[in-house]
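Below is one structure; the comments refer to it alone.
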Amino acid sequence: MSVKKDDILSAGAYGVGVSAALPAFLNQVAEDETRRVLEGSEEKYPNRVLVVLELTGGNDGLNTVVPYGDDAYYRARPSISIQPGDTIKLNEQFGLHPAMTGFEALFKDGKLAIVHGCGYPDPNLSHFTAMDWWHTAVPHGNELYGWLGRFADENKPKPQENYIVNIGTRQSRAVASVRQSPVVFSDPKKLGRAGTEAEQKVFELYGEPYRTRNLSLEFVNTVSRTATIGAALVRSACTEYRTMVDYGADTSLALDLKKISGIINAGLPTRLFYVNLGGFDTHASQAPSQNLLLIYLSDALRGFMEDLERMGRADEVAVMVFTEFGRRVSENMSKGTDHGTATPMYILGNKVKGGFYGQPPSLTDLDDGNLKMTTDFRSVYATALREWMGFEDTSGVLKGDYTTLGVFD
Amino acid sequence: MKPNTLDQTSQSVDATGTRPPAPLPRISHLSADETGSDAWTNDLTPIGKPDWNYARAAQLLERAGFGGTPEEIQRLATMTPEQAVDELVDYEAIDVSGLPEFEESGIYPHGYKYASILKVLEEARTTGRSLGVSKKAAPPLDYQPPVDEYYTLLWSERGEMRRVAQWWAERMLITPRPLQENLALFWHNHFATSQEKVMCYGFMLGQIETLRRHANGNMRDLLIAIAQDPAMLIWLDNKDNVKGKPNENFAREVMELFSMGEGQGYTEQDIREMARAFTGWTLTSDETVAQPGRFIDDPEKHDEGMKSFLGASGKFTGYDAIDVILKQPSPPRFITRKLYRYFVREDMAPELNEQLAKLLLECKYQLKPLLKTIFLSRDFYSQRSQVKSPVALLVSTYRKMGFKSIPGIPDFNDTTTTLGQTLFFPPNVAGWAGGRTWINPATLLARCNCIESLLFPDAKHFVDPHKEISESFRRIPLKYVDYDITGHVWNPATQTMEPVSLAIYDRYLSGMTLDEAKQIPSMGDAPASLRPNPTTDSKEPPKSRMSAISNTERYNLAVGVYTGAWQGNARVKSIPRTLAQIDFTEMVQDARVETIDDTVTYFCRRFLSVSLSVERYAGVLSFLRGSLKSDTLDYSNPDLEPALRRTVHLILSAPEYQLA
């Protein structure tokens, strides 16, 4: 398929506009592709989709899922704690940050599972290292590929265009895969090569890899193939998607989740989505920034779930939310919090059995001022892969055996 | 010789590699990647004079110094390899006094630099004045002037930083010491500091000058200089690292990211102790232009007690900490591996790493011998598999084209940002991951499209990003009609932000150009949809909810954001939006090219390090044949230049072009 230069350049710097004739054709391709993928599949749940949302920077879990029933919390945080009266109470001990009305609605509908105290032994407090370990699911290791990438390699050994979509300006290590080439993008309009009709013929050649001993060239050629074939489908799916559902403010997360909705709506064979929301490194004046971020987070996810419901796909999508670490129990001198350890994870979806999972960590029995983890995050990963995606043997992907939590029916 | 399909690396050296590039008597060579040899992999033996040729000189200049024109490559090719490497590395001998200094816009007209909004509001409350601006006598919006100034500073800091980046890119392009700029870029990534937090373009500029000064010098001097650098003191909080209240951020990163590597022989305890050694290395107050912040070693704030880290104990200072670090076994390995990854290959063989680490240690952390060994080694010339960074991709493209300035369209910063790299804004303290992570489907397509924007610039639809107010900001006045503020639109003719009525502004937002928007007679001030509903009671003027709020507000951040955006833009000097002056016809004519086959070959050789596959080469050739309907070049054909441009566009869009 070809894209005209005028279309491409009309949308901005090097943005891409899609000509009106394209959609029907592309949707047909998408449909065929989907059917081809589904037929002959022996997967238990061949239609299920997992969306992983990364909260970058280390979200303060204690001010998100507030232990309002515990005095130790208020002693540790004289100036930045959420007062009991402000908390959205979920049970006798825990409540949500007042900004999270979106999560409140999901929790009351039984669609939100909160897993207490997630972490791993011997935690690292560096953003990069901690995030790397969550991405690879191999703490204290030097694993090259991501846990979602390894899952894709085993679940879908044959390269499949658009199997993994990573929305963001950079590819996350979490989706680094041997066999699949994730489509990574932030602005879908830019997923195309500008040029004349005649040039498009040569561009098609650029989408055809050839044998070479130059491994870097082989790599670029493989990416070029994905860019040429897969990206066009993603582009039209995202740019043509319209919804009336309210995702809250037009934040990067809301816009990114709408792109995911577009791709799901177009019926592309994407099974794994990766997306992030940044800004959680709240060392100073935490309250106003975390307040906004939690509004963005919970409004956008509630909107996303509603939109999936609208398109009739809500039973096929689950969202898992994580951050690289929580923050120290005590507040610091700048009305903020420093890097900490264990923190809740969240799983959302129609098929989720809502409620709390795992043991809440003690706020007084600490490790150098930090929470002791109670749930290994790889148990949550195992839950997503085994219970949700129906992938039975996760020991290879997760490099160990982890019990699942019974979050899904 | 035709392009090869199976093997990009192992062909034997072709004698044509030594041939001067222009004029080419008979072009029979596509590009230079065939010069590599598997036998040379991991071989640190210096390349011999007999093996030195045009292709290898091209590789040296490409990787060490952003590439160059055939003439520049040829000059290096006629030297011995040692001479060529010495000239690049011992660059002090080359005069750079002719390079232009950065021209300041003067973004601090009130004499005050950026400060946090909380501080501004507090000052305005207690003194009635902040950032050199007085608040108004009474509400509503009495705090608005300092708030507007705050956002104006925020915005102009960003704009001026972009100008510094543009200036630096131009320096990379025109400097006669390309390795110095490339090393400064390397260290900018190594000591990755971002304007995002520093919020002072002058400090960021100063840091690059520090990096440039020590770029090929001694690692110890460099570490001390960076530890005392104002931007770094802000970036990693050492300015707040004081006796009794240590801040560990710098101590952690100086080991993890700057010298030893994550997990390479230090503990959390070492970090806590070392932080105490750096206490007192701080920055003087940085509020006014008259008295900008500078580094001081404040004895009052220094913890003079005993410290124990990395197996050493003493009443250590910051200098001692750096010396103790450099006595560890990991820094020489870490630094050589990182340099090797930047200049040679992603994965360095452990034996090679040991060998070069030993060399760096023997030379007491002098970098020049290490750099020379790397650039002379056979391994350096053994393969063509380095992925070009976005900045290197653009600068080297421009150098190969022979440009003498960075084109204004496409915008340099916008382009590299789209490709994943914004100078002075590394993604985090670990810098850009680099290597293959530069390439994903979106960035690969963007790499093609930026070449399109360069060769076929669309000046008519170009929106100056240094002047543009983003969509979300532009909508603010429409939401806040009641705040008596005026829409501003960038006028390309006058190069200023021009105040316009909201009716014109609304039409501008709907996609019209400023001229078009002005031509329609005014229909009233605000768009109907945003105006308050007319009430039946005509005595009472219609009031929206917003106007009720605006009567009681002391300041409004959204209005501040908007005002700051256009005022800040106006405060920053414009970047000239010149188009690239390219004449491909002249290039091939000078090279005495006659056939289309030779034309494609010439451009492949001029631009590519890795040659195209047979199929792709044939595709490009058949494109040119189709465009010209001929197998030979007719220099009088007016369609020749556009056809050549498209041909170069195709070659520079190839996956092969991403590698060096």
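FYI, nothing fancy with the structure tokens labels: chains A, B, ... in order, residues from 1 per chain, ligands from 1 as they appear.
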Q: Mind checking which residues fall within 12 Å of Glu92 in chain B, counting only C-alpha atoms, ignoring those fewer than 2 positions away in the same chain, and posting them as an NGL selection string?
A: :B and (86-90 or 94-97 or 176-180 or 212-217 or 368)
With only C-alpha atoms counted and 7 Å as the cut-off, give the residues of chain A in contact with chain B, each with its shortest interatomic distance in Å and the pair that gives it, as a tab-separated table.
```
residue	atom	partner	partner_atom	distance
A:Tyr14	CA	B:Asn449	CA	6.0
A:Thr169	CA	B:Gly420	CA	6.7
A:Val183	CA	B:Pro441	CA	5.9
A:Val184	CA	B:Ala442	CA	6.0
A:Phe185	CA	B:Ala442	CA	5.3
A:Lys190	CA	B:Ala446	CA	6.9
A:Leu191	CA	B:Ala442	CA	5.8
A:Gly192	CA	B:Leu445	CA	6.0
A:Arg193	CA	B:Leu445	CA	5.7
A:Ala194	CA	B:Asn449	CA	5.8
A:Ala198	CA	B:Phe623	CA	6.9
A:Val202	CA	B:Gly619	CA	5.5
A:Leu205	CA	B:Arg616	CA	6.1
A:Tyr206	CA	B:Ala654	CA	6.4
A:Arg211	CA	B:Leu6	CA	5.6
A:Thr212	CA	B:Leu6	CA	5.1
A:Arg213	CA	B:Asp7	CA	5.5
A:Asn214	CA	B:Gln8	CA	5.9
A:Ser216	CA	B:Ser385	CA	5.2
A:Leu217	CA	B:Glu656	CA	6.6
A:Val220	CA	B:Pro655	CA	5.9
A:Asn221	CA	B:Pro655	CA	6.1
A:Val223	CA	B:Pro441	CA	5.6
A:Ser224	CA	B:Pro441	CA	6.4
A:Thr226	CA	B:Pro441	CA	6.3
A:Ala227	CA	B:Pro441	CA	4.4
```
Test item: residues at most 6 Å from Lys111 in chain A, only C-alpha atoms, excluding those fewer than 2 positions along its chain, as a PDB file with C-alpha atoms, in the first residue's frame:
```pdb
ATOM      1  CA  LEU A 106     -14.351   0.306  38.987  1.00  0.00           C
ATOM      2  CA  PHE A 107     -13.843  -1.091  42.477  1.00  0.00           C
ATOM      3  CA  ASP A 109     -18.350  -2.611  40.038  1.00  0.00           C
ATOM      4  CA  LEU A 348      -8.612  -4.183  35.974  1.00  0.00           C
ATOM      5  CA  GLY A 349     -11.135  -5.867  33.746  1.00  0.00           C
ATOM      6  CA  ASN A 350     -14.614  -7.322  33.423  1.00  0.00           C
ATOM      7  CA  VAL A 352     -11.478  -9.627  37.308  1.00  0.00           C
ATOM      8  CA  GLY A 354     -12.547  -7.278  42.356  1.00  0.00           C
TER       9      GLY A 354
END
```
Pick out the residues sitting within 8 Å of Trp155 in chain B, and hand them over as a PDB file with N, CA and C atoms, in the first residue's frame; count only C-alpha atoms, and ignore anything fewer than 3 positions along from it in its own chain.
```pdb
ATOM      1  N   TYR B 151       5.913  32.235  33.962  1.00  0.00           N
ATOM      2  CA  TYR B 151       5.712  31.385  32.777  1.00  0.00           C
ATOM      3  C   TYR B 151       6.507  31.886  31.573  1.00  0.00           C
ATOM      4  N   THR B 152       6.701  33.181  31.502  1.00  0.00           N
ATOM      5  CA  THR B 152       7.508  33.716  30.407  1.00  0.00           C
ATOM      6  C   THR B 152       8.944  33.212  30.524  1.00  0.00           C
ATOM      7  N   ARG B 158      13.214  27.420  27.691  1.00  0.00           N
ATOM      8  CA  ARG B 158      13.094  26.334  26.717  1.00  0.00           C
ATOM      9  C   ARG B 158      13.537  26.790  25.337  1.00  0.00           C
ATOM     10  N   GLY B 159      13.038  27.964  24.957  1.00  0.00           N
ATOM     11  CA  GLY B 159      13.349  28.479  23.626  1.00  0.00           C
ATOM     12  C   GLY B 159      14.836  28.760  23.465  1.00  0.00           C
ATOM     13  N   GLY B 564       2.673  33.495  29.126  1.00  0.00           N
ATOM     14  CA  GLY B 564       4.090  33.130  29.153  1.00  0.00           C
ATOM     15  C   GLY B 564       4.541  32.543  27.834  1.00  0.00           C
ATOM     16  N   ALA B 565       3.666  31.772  27.204  1.00  0.00           N
ATOM     17  CA  ALA B 565       4.043  31.122  25.955  1.00  0.00           C
ATOM     18  C   ALA B 565       4.312  32.154  24.866  1.00  0.00           C
ATOM     19  N   GLY B 568       7.140  34.604  26.047  1.00  0.00           N
ATOM     20  CA  GLY B 568       8.428  33.907  26.083  1.00  0.00           C
ATOM     21  C   GLY B 568       8.969  33.681  24.681  1.00  0.00           C
ATOM     22  N   ASN B 569       8.080  33.300  23.773  1.00  0.00           N
ATOM     23  CA  ASN B 569       8.493  33.117  22.384  1.00  0.00           C
ATOM     24  C   ASN B 569       9.039  34.407  21.802  1.00  0.00           C
TER      25      ASN B 569
END
```
Q: Check range 226-296 of chain A with DSSP on the backbone and list each residue it calls strand (DSSP E), as a list in words.
A: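 In range 226-296 of chain A, DSSP puts these residues in strand (DSSP E): Leu272, Phe273, Tyr274, Val275, Asn276 and Leu277 of chain A.
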Deliver the residues from the most recent selection as a file, using N, CA and C atoms, as a PDB file, in the first residue's frame.
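Writing done, so here's result27.pdb:
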```pdb
ATOM      1  N   LEU A 272      -0.694  -7.861  23.036  1.00  0.00           N
ATOM      2  CA  LEU A 272       0.003  -7.228  24.148  1.00  0.00           C
ATOM      3  C   LEU A 272       0.181  -5.742  23.858  1.00  0.00           C
ATOM      4  N   PHE A 273      -0.272  -4.940  24.794  1.00  0.00           N
ATOM      5  CA  PHE A 273      -0.067  -3.499  24.674  1.00  0.00           C
ATOM      6  C   PHE A 273       0.783  -3.034  25.854  1.00  0.00           C
ATOM      7  N   TYR A 274       1.666  -2.094  25.569  1.00  0.00           N
ATOM      8  CA  TYR A 274       2.471  -1.527  26.640  1.00  0.00           C
ATOM      9  C   TYR A 274       2.381  -0.018  26.558  1.00  0.00           C
ATOM     10  N   VAL A 275       2.123   0.615  27.689  1.00  0.00           N
ATOM     11  CA  VAL A 275       1.914   2.059  27.695  1.00  0.00           C
ATOM     12  C   VAL A 275       2.396   2.594  29.040  1.00  0.00           C
ATOM     13  N   ASN A 276       2.772   3.864  29.094  1.00  0.00           N
ATOM     14  CA  ASN A 276       3.224   4.379  30.392  1.00  0.00           C
ATOM     15  C   ASN A 276       2.684   5.767  30.677  1.00  0.00           C
ATOM     16  N   LEU A 277       2.736   6.103  31.954  1.00  0.00           N
ATOM     17  CA  LEU A 277       2.419   7.457  32.401  1.00  0.00           C
ATOM     18  C   LEU A 277       3.552   7.861  33.333  1.00  0.00           C
TER      19      LEU A 277
END
```
Do you know which residues are at most 10 Å from Phe584 in chain B counting only C-alpha atoms, after dropping those on the same chain fewer than 5 positions away, and could you put them as a compact mmCIF listing (two decimals) with C-alpha atoms, in the first residue's frame?
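Final output, saved to part-v9.txt:
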```txt
# COMPACT_ATOMS: atom_id res chain seq x y z
CA MET B 401 26.13 17.26 1.51
CA GLN B 589 28.67 16.93 -13.11
CA ASP B 590 31.83 17.65 -11.10
CA PHE B 603 25.45 8.81 -4.55
CA LEU B 640 17.23 16.25 -13.89
CA GLU B 641 17.63 17.93 -10.50
CA PRO B 642 14.21 16.83 -9.14
CA ALA B 643 14.92 13.28 -10.32
CA LEU B 644 18.34 13.30 -8.66
CA ARG B 645 16.80 14.61 -5.44
CA VAL B 648 19.11 10.64 -3.13
```
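Residues with any atom within 9 Å of Gly293 in chain B, counting only C-alpha atoms and excluding same-chain neighbours fewer than 3 positions away, are Pro230, Leu283, Thr284, Ser285, Asp286, Glu287 and Thr288 of chain B.
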For the selection you just gave me, I'd like the residues written to a file as a JSON list (two decimals), in the first residue's frame, keeping C-alpha atoms.
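Printed below is again-v6.json as written:
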```json
[["chain", "number", "residue", "atom", "x", "y", "z"],
["B", 230, "PRO", "CA", 26.72, 24.23, 38.25],
["B", 283, "LEU", "CA", 26.29, 26.49, 44.30],
["B", 284, "THR", "CA", 25.94, 30.11, 45.38],
["B", 285, "SER", "CA", 22.50, 31.62, 45.22],
["B", 286, "ASP", "CA", 21.36, 31.88, 41.62],
["B", 287, "GLU", "CA", 18.55, 34.39, 41.39],
["B", 288, "THR", "CA", 19.76, 37.34, 39.40]]
```
From range 164-374 of chain A, collect each residue whose DSSP state is alpha helix (DSSP H) and return the set as a PDB file with C-alpha atoms, in the first residue's frame.
```pdb
ATOM      1  CA  GLU A 197       3.993   6.956  -6.025  1.00  0.00           C
ATOM      2  CA  ALA A 198       7.041   5.775  -7.944  1.00  0.00           C
ATOM      3  CA  GLU A 199       9.173   5.886  -4.825  1.00  0.00           C
ATOM      4  CA  GLN A 200       6.757   3.651  -2.924  1.00  0.00           C
ATOM      5  CA  LYS A 201       7.886   0.724  -5.074  1.00  0.00           C
ATOM      6  CA  VAL A 202      11.406   1.108  -3.735  1.00  0.00           C
ATOM      7  CA  PHE A 203      10.099   1.537  -0.204  1.00  0.00           C
ATOM      8  CA  GLU A 204       8.395  -1.829  -0.560  1.00  0.00           C
ATOM      9  CA  LEU A 205      11.828  -3.319  -1.253  1.00  0.00           C
ATOM     10  CA  TYR A 206      13.006  -1.721   1.987  1.00  0.00           C
ATOM     11  CA  LEU A 215      23.693  -8.360  12.301  1.00  0.00           C
ATOM     12  CA  SER A 216      22.843  -4.703  12.739  1.00  0.00           C
ATOM     13  CA  LEU A 217      21.652  -4.546   9.146  1.00  0.00           C
ATOM     14  CA  GLU A 218      19.605  -7.661   9.681  1.00  0.00           C
ATOM     15  CA  PHE A 219      18.053  -5.969  12.703  1.00  0.00           C
ATOM     16  CA  VAL A 220      17.253  -2.732  10.855  1.00  0.00           C
ATOM     17  CA  ASN A 221      15.809  -4.723   7.960  1.00  0.00           C
ATOM     18  CA  THR A 222      13.512  -6.613  10.289  1.00  0.00           C
ATOM     19  CA  VAL A 223      12.294  -3.400  11.860  1.00  0.00           C
ATOM     20  CA  SER A 224      11.863  -1.981   8.372  1.00  0.00           C
ATOM     21  CA  ARG A 225       9.583  -4.850   7.477  1.00  0.00           C
ATOM     22  CA  THR A 226       7.377  -4.158  10.480  1.00  0.00           C
ATOM     23  CA  ALA A 227       7.483  -0.461   9.689  1.00  0.00           C
ATOM     24  CA  THR A 228       6.408  -1.060   6.107  1.00  0.00           C
ATOM     25  CA  ILE A 229       3.670  -3.607   6.620  1.00  0.00           C
ATOM     26  CA  GLY A 230       2.424  -3.495  10.185  1.00  0.00           C
ATOM     27  CA  ALA A 231       2.682   0.172  10.897  1.00  0.00           C
ATOM     28  CA  ALA A 232       0.259   1.150   8.139  1.00  0.00           C
ATOM     29  CA  LEU A 233      -2.481  -0.899   9.756  1.00  0.00           C
ATOM     30  CA  VAL A 234      -1.820   0.607  13.143  1.00  0.00           C
ATOM     31  CA  ARG A 235      -1.778   4.083  11.679  1.00  0.00           C
ATOM     32  CA  SER A 236      -5.177   3.845  10.123  1.00  0.00           C
ATOM     33  CA  ALA A 237      -6.642   2.048  13.142  1.00  0.00           C
ATOM     34  CA  CYS A 238      -5.557   4.852  15.458  1.00  0.00           C
ATOM     35  CA  THR A 239      -6.128   7.859  13.271  1.00  0.00           C
ATOM     36  CA  SER A 252      -0.914  11.561  27.280  1.00  0.00           C
ATOM     37  CA  LEU A 253      -2.395   8.501  28.982  1.00  0.00           C
ATOM     38  CA  ALA A 254      -5.944   9.249  27.821  1.00  0.00           C
ATOM     39  CA  LEU A 255      -4.698   9.770  24.263  1.00  0.00           C
ATOM     40  CA  ASP A 256      -2.577   6.623  24.388  1.00  0.00           C
ATOM     41  CA  LEU A 257      -5.443   4.491  25.701  1.00  0.00           C
ATOM     42  CA  LYS A 258      -7.628   5.835  22.883  1.00  0.00           C
ATOM     43  CA  LYS A 259      -5.002   4.608  20.421  1.00  0.00           C
ATOM     44  CA  ILE A 260      -5.232   1.183  22.041  1.00  0.00           C
ATOM     45  CA  SER A 261      -9.022   1.318  21.766  1.00  0.00           C
ATOM     46  CA  GLY A 262      -8.632   2.167  18.094  1.00  0.00           C
ATOM     47  CA  ILE A 263      -6.368  -0.801  17.482  1.00  0.00           C
ATOM     48  CA  ILE A 264      -8.663  -3.169  19.374  1.00  0.00           C
ATOM     49  CA  ASN A 265     -11.687  -1.762  17.575  1.00  0.00           C
ATOM     50  CA  GLN A 286       4.237  15.655  46.233  1.00  0.00           C
ATOM     51  CA  ALA A 287       0.574  16.466  46.834  1.00  0.00           C
ATOM     52  CA  PRO A 288      -0.328  18.646  43.831  1.00  0.00           C
ATOM     53  CA  SER A 289       1.524  16.580  41.256  1.00  0.00           C
ATOM     54  CA  GLN A 290       0.425  13.180  42.532  1.00  0.00           C
ATOM     55  CA  ASN A 291      -3.112  14.483  42.829  1.00  0.00           C
ATOM     56  CA  LEU A 292      -3.180  15.356  39.134  1.00  0.00           C
ATOM     57  CA  LEU A 293      -1.481  12.140  38.074  1.00  0.00           C
ATOM     58  CA  LEU A 294      -3.966  10.007  39.983  1.00  0.00           C
ATOM     59  CA  ILE A 295      -6.869  11.885  38.411  1.00  0.00           C
ATOM     60  CA  TYR A 296      -5.366  11.260  34.983  1.00  0.00           C
ATOM     61  CA  LEU A 297      -4.721   7.627  35.780  1.00  0.00           C
ATOM     62  CA  SER A 298      -8.068   6.663  37.184  1.00  0.00           C
ATOM     63  CA  ASP A 299     -10.206   8.771  34.834  1.00  0.00           C
ATOM     64  CA  ALA A 300      -8.422   7.489  31.759  1.00  0.00           C
ATOM     65  CA  LEU A 301      -8.655   3.846  32.798  1.00  0.00           C
ATOM     66  CA  ARG A 302     -12.313   4.143  33.696  1.00  0.00           C
ATOM     67  CA  GLY A 303     -12.946   5.736  30.298  1.00  0.00           C
ATOM     68  CA  PHE A 304     -10.971   2.988  28.598  1.00  0.00           C
ATOM     69  CA  MET A 305     -13.008   0.246  30.284  1.00  0.00           C
ATOM     70  CA  GLU A 306     -16.226   2.020  29.355  1.00  0.00           C
ATOM     71  CA  ASP A 307     -15.091   2.359  25.759  1.00  0.00           C
ATOM     72  CA  LEU A 308     -14.263  -1.350  25.570  1.00  0.00           C
ATOM     73  CA  GLU A 309     -17.724  -2.061  26.924  1.00  0.00           C
ATOM     74  CA  ARG A 310     -19.193   0.147  24.206  1.00  0.00           C
TER      75      ARG A 310
END
```
Q | Å distance separating CA of Asn238 in chain B from CA of Glu331 in chain A, one decimal place | A | 20.1 Å
Write out as a compact mmCIF listing (two decimals) with N, CA and C atoms, in the first residue's frame the residues lying within 8 Å of range 58-68 of chain A, counting only C-alpha atoms and excluding same-chain residues fewer than 5 positions away.
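What follows is the written file around-v7.txt:
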```txt
# COMPACT_ATOMS: atom_id res chain seq x y z
N TYR A 73 0.75 5.24 59.82
CA TYR A 73 0.77 5.99 58.56
C TYR A 73 0.76 7.49 58.85
N SER A 81 0.00 13.20 54.61
CA SER A 81 -0.91 12.05 54.64
C SER A 81 -2.30 12.47 54.16
N ILE A 82 -3.05 11.50 53.67
CA ILE A 82 -4.44 11.74 53.25
C ILE A 82 -5.32 11.50 54.48
N GLN A 83 -6.05 12.49 54.89
CA GLN A 83 -6.85 12.37 56.11
C GLN A 83 -8.00 11.37 55.91
N PRO A 84 -8.37 10.69 57.00
CA PRO A 84 -9.43 9.66 56.88
C PRO A 84 -10.68 10.22 56.21
N THR A 87 -10.43 10.25 52.45
CA THR A 87 -10.17 8.98 51.77
C THR A 87 -11.46 8.39 51.20
N GLN A 93 -9.82 -0.69 56.61
CA GLN A 93 -8.41 -0.31 56.73
C GLN A 93 -7.92 0.59 55.59
N PHE A 94 -8.43 0.33 54.39
CA PHE A 94 -7.86 0.99 53.22
C PHE A 94 -8.87 1.80 52.44
N GLY A 95 -8.37 2.87 51.88
CA GLY A 95 -9.21 3.69 51.01
C GLY A 95 -8.36 4.25 49.89
N LEU A 96 -9.01 4.82 48.89
CA LEU A 96 -8.29 5.39 47.75
C LEU A 96 -8.04 6.88 47.97
N HIS A 97 -7.01 7.37 47.35
CA HIS A 97 -6.74 8.81 47.28
C HIS A 97 -8.00 9.49 46.73
N HIS A 127 16.09 4.12 39.92
CA HIS A 127 14.98 4.02 38.96
C HIS A 127 15.31 3.04 37.84
N PHE A 280 5.97 10.33 38.34
CA PHE A 280 5.65 9.91 39.71
C PHE A 280 6.80 10.07 40.69
N ASP A 281 7.92 10.64 40.24
CA ASP A 281 9.09 10.75 41.12
C ASP A 281 8.95 12.00 41.99
N THR A 282 8.11 11.90 42.98
CA THR A 282 7.67 13.08 43.73
C THR A 282 8.50 13.31 44.99
N LEU A 294 -2.99 11.03 39.62
CA LEU A 294 -3.97 10.01 39.98
C LEU A 294 -5.33 10.28 39.34
N THR A 323 4.41 0.00 39.04
CA THR A 323 5.41 1.06 39.10
C THR A 323 6.70 0.43 39.63
N GLU A 324 7.87 1.07 39.38
CA GLU A 324 9.11 0.36 39.69
C GLU A 324 9.39 0.23 41.18
N PHE A 325 8.87 1.12 41.98
CA PHE A 325 8.90 0.95 43.43
C PHE A 325 7.92 1.93 44.08
N GLY A 326 7.60 1.64 45.34
CA GLY A 326 6.84 2.61 46.12
C GLY A 326 7.81 3.59 46.73
N ARG A 327 7.35 4.32 47.72
CA ARG A 327 8.24 5.31 48.30
C ARG A 327 8.40 5.06 49.79
N VAL A 329 8.29 5.10 53.76
CA VAL A 329 7.11 5.28 54.59
C VAL A 329 7.06 6.72 55.13
N THR A 337 8.38 12.43 49.06
CA THR A 337 8.81 11.12 49.53
C THR A 337 9.97 10.64 48.66
N HIS A 339 12.69 7.44 47.27
CA HIS A 339 12.55 6.09 46.71
C HIS A 339 12.36 5.03 47.80
N THR A 343 4.96 -1.91 46.91
CA THR A 343 3.89 -1.01 46.49
C THR A 343 2.78 -1.83 45.84
N PRO A 344 1.55 -1.34 45.86
CA PRO A 344 0.47 -2.15 45.26
C PRO A 344 0.57 -2.24 43.74
```
Q) For Pro369 in chain B, which of B:Phe403, B:Ile504, B:Thr336, B:Ile325 is the closest residue, counting only C-alpha atoms? A)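 Closest to Pro369 in chain B of all the choices is B:Thr336.
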